[in-house]
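Scroll down for the structure; my scribbles are underneath it.
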Amino acid sequence: MEDYLNGIDEDLWRCVTRGKYRPYMFTQVGNTGSSTGMAAQKEKYEANDNKCLHELRSALPPVVYNFVRGCNTAKEIWDTLKEKYEGSVKTKKSSVKQCLMELGEFKQKESEAIEQYYDRLNGLIFKCNRYGVT
């Protein structure tokens, strides 16, 4: 998603990482530090956030969209999706422990062909990589 949003406009991914607009997020533009420059930056940021909201929502299937329907910013959508699919910190730690335990106990079953063993090993490696276990 990061690559997709950056491909459209580099500022779109920043909407996901920055969160809701706050006036102190931007420096004043121009020699006098007039509020017109700040207003232009605010308008650009809000337009980008709306575009990012549209892109994120349109990329989701209806079932997943229901989880983020109440979100008002791109960052809220992203954080909700991360929590849903990656889980909480506690869940991640549990998954890492499980991967390490499975890896430590991994061996070929007597009735298992080498191809099946290899497929199971690749599945475990993929699972470990997903949780950052190397």
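Residues are referred to by chain and number: the chain letter is A, B, ... according to the order shown in the structure tokens, the number counts from 1 in that chain, and ligands are numbered separately from 1 in the order shown.
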Shell around Glu102 in chain A at 8 Å using only C-alpha atoms, local window under 4 positions removed, as a PyMOL selection string | chain A and resi 98+106+124
Save the residues we just selected, N, CA and C atoms, as a compact mmCIF listing (two decimals), in the first residue's frame?
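To be explicit, this is the file written out as result-v4.txt:
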# COMPACT_ATOMS: atom_id res chain seq x y z
N GLN A 98 5.65 -19.03 19.39
CA GLN A 98 5.13 -20.23 18.75
C GLN A 98 6.00 -20.64 17.56
N PHE A 106 10.82 -29.02 14.82
CA PHE A 106 10.51 -29.42 13.44
C PHE A 106 11.36 -30.60 13.01
N LEU A 124 6.59 -23.00 7.29
CA LEU A 124 7.08 -22.54 8.59
C LEU A 124 8.06 -21.37 8.42
Among range 14-112 of chain A, which residues carry a DSSP assignment of alpha helix (DSSP H), reported as a PyMOL selection string?
-> chain A and resi 14-18+35-58+62-68+74-86+89-105
Residues just named, written with C-alpha atoms as a PDB file, in the first residue's frame:
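Contents of the output file part_23.pdb:
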ATOM      1  CA  ARG A  14       2.553  10.906   4.688  1.00  0.00           C
ATOM      2  CA  CYS A  15      -1.156  11.233   5.528  1.00  0.00           C
ATOM      3  CA  VAL A  16      -1.056   7.664   6.820  1.00  0.00           C
ATOM      4  CA  THR A  17       2.057   8.223   8.916  1.00  0.00           C
ATOM      5  CA  ARG A  18       1.340  11.767  10.195  1.00  0.00           C
ATOM      6  CA  SER A  35      -1.313  32.832   7.656  1.00  0.00           C
ATOM      7  CA  THR A  36      -2.085  32.452   3.922  1.00  0.00           C
ATOM      8  CA  GLY A  37       0.854  30.091   3.508  1.00  0.00           C
ATOM      9  CA  MET A  38      -0.286  28.096   6.516  1.00  0.00           C
ATOM     10  CA  ALA A  39      -3.831  28.001   5.147  1.00  0.00           C
ATOM     11  CA  ALA A  40      -2.559  26.723   1.784  1.00  0.00           C
ATOM     12  CA  GLN A  41      -0.577  23.995   3.510  1.00  0.00           C
ATOM     13  CA  LYS A  42      -3.620  23.039   5.591  1.00  0.00           C
ATOM     14  CA  GLU A  43      -5.842  22.855   2.492  1.00  0.00           C
ATOM     15  CA  LYS A  44      -3.285  20.726   0.655  1.00  0.00           C
ATOM     16  CA  TYR A  45      -2.928  18.386   3.617  1.00  0.00           C
ATOM     17  CA  GLU A  46      -6.699  18.001   4.025  1.00  0.00           C
ATOM     18  CA  ALA A  47      -7.128  17.370   0.270  1.00  0.00           C
ATOM     19  CA  ASN A  48      -4.397  14.716   0.395  1.00  0.00           C
ATOM     20  CA  ASP A  49      -5.977  13.101   3.438  1.00  0.00           C
ATOM     21  CA  ASN A  50      -9.351  12.931   1.665  1.00  0.00           C
ATOM     22  CA  LYS A  51      -7.719  11.434  -1.429  1.00  0.00           C
ATOM     23  CA  CYS A  52      -5.840   8.931   0.723  1.00  0.00           C
ATOM     24  CA  LEU A  53      -9.066   8.011   2.540  1.00  0.00           C
ATOM     25  CA  HIS A  54     -10.725   7.396  -0.821  1.00  0.00           C
ATOM     26  CA  GLU A  55      -7.826   5.232  -2.078  1.00  0.00           C
ATOM     27  CA  LEU A  56      -7.685   3.140   1.098  1.00  0.00           C
ATOM     28  CA  ARG A  57     -11.434   2.623   1.250  1.00  0.00           C
ATOM     29  CA  SER A  58     -11.741   1.743  -2.431  1.00  0.00           C
ATOM     30  CA  PRO A  62     -16.832  -4.913   1.612  1.00  0.00           C
ATOM     31  CA  VAL A  63     -16.206  -7.287   4.529  1.00  0.00           C
ATOM     32  CA  VAL A  64     -13.003  -5.460   5.528  1.00  0.00           C
ATOM     33  CA  TYR A  65     -14.516  -2.052   4.805  1.00  0.00           C
ATOM     34  CA  ASN A  66     -16.965  -2.626   7.658  1.00  0.00           C
ATOM     35  CA  PHE A  67     -14.058  -2.547  10.118  1.00  0.00           C
ATOM     36  CA  VAL A  68     -12.927   0.912   8.991  1.00  0.00           C
ATOM     37  CA  ALA A  74      -6.212   7.725   6.660  1.00  0.00           C
ATOM     38  CA  LYS A  75      -4.065   7.085   9.738  1.00  0.00           C
ATOM     39  CA  GLU A  76      -7.072   5.742  11.668  1.00  0.00           C
ATOM     40  CA  ILE A  77      -7.855   3.347   8.813  1.00  0.00           C
ATOM     41  CA  TRP A  78      -4.246   2.192   8.613  1.00  0.00           C
ATOM     42  CA  ASP A  79      -3.943   1.684  12.381  1.00  0.00           C
ATOM     43  CA  THR A  80      -7.223  -0.260  12.451  1.00  0.00           C
ATOM     44  CA  LEU A  81      -6.091  -2.507   9.612  1.00  0.00           C
ATOM     45  CA  LYS A  82      -2.693  -3.071  11.249  1.00  0.00           C
ATOM     46  CA  GLU A  83      -4.349  -4.069  14.521  1.00  0.00           C
ATOM     47  CA  LYS A  84      -6.747  -6.409  12.721  1.00  0.00           C
ATOM     48  CA  TYR A  85      -4.182  -8.171  10.552  1.00  0.00           C
ATOM     49  CA  GLU A  86      -0.975  -7.933  12.575  1.00  0.00           C
ATOM     50  CA  VAL A  89       1.978  -6.492  20.644  1.00  0.00           C
ATOM     51  CA  LYS A  90       0.982  -9.325  22.978  1.00  0.00           C
ATOM     52  CA  THR A  91      -0.338 -11.385  20.046  1.00  0.00           C
ATOM     53  CA  LYS A  92       2.843 -10.770  18.043  1.00  0.00           C
ATOM     54  CA  LYS A  93       5.058 -11.899  20.928  1.00  0.00           C
ATOM     55  CA  SER A  94       2.971 -15.033  21.303  1.00  0.00           C
ATOM     56  CA  SER A  95       3.251 -15.759  17.564  1.00  0.00           C
ATOM     57  CA  VAL A  96       7.045 -15.307  17.647  1.00  0.00           C
ATOM     58  CA  LYS A  97       7.310 -17.725  20.589  1.00  0.00           C
ATOM     59  CA  GLN A  98       5.130 -20.234  18.753  1.00  0.00           C
ATOM     60  CA  CYS A  99       7.292 -19.969  15.605  1.00  0.00           C
ATOM     61  CA  LEU A 100      10.468 -20.545  17.610  1.00  0.00           C
ATOM     62  CA  MET A 101       8.930 -23.532  19.364  1.00  0.00           C
ATOM     63  CA  GLU A 102       7.720 -25.054  16.078  1.00  0.00           C
ATOM     64  CA  LEU A 103      11.119 -24.457  14.500  1.00  0.00           C
ATOM     65  CA  GLY A 104      12.900 -26.129  17.401  1.00  0.00           C
ATOM     66  CA  GLU A 105      10.659 -29.206  17.239  1.00  0.00           C
TER      67      GLU A 105
END
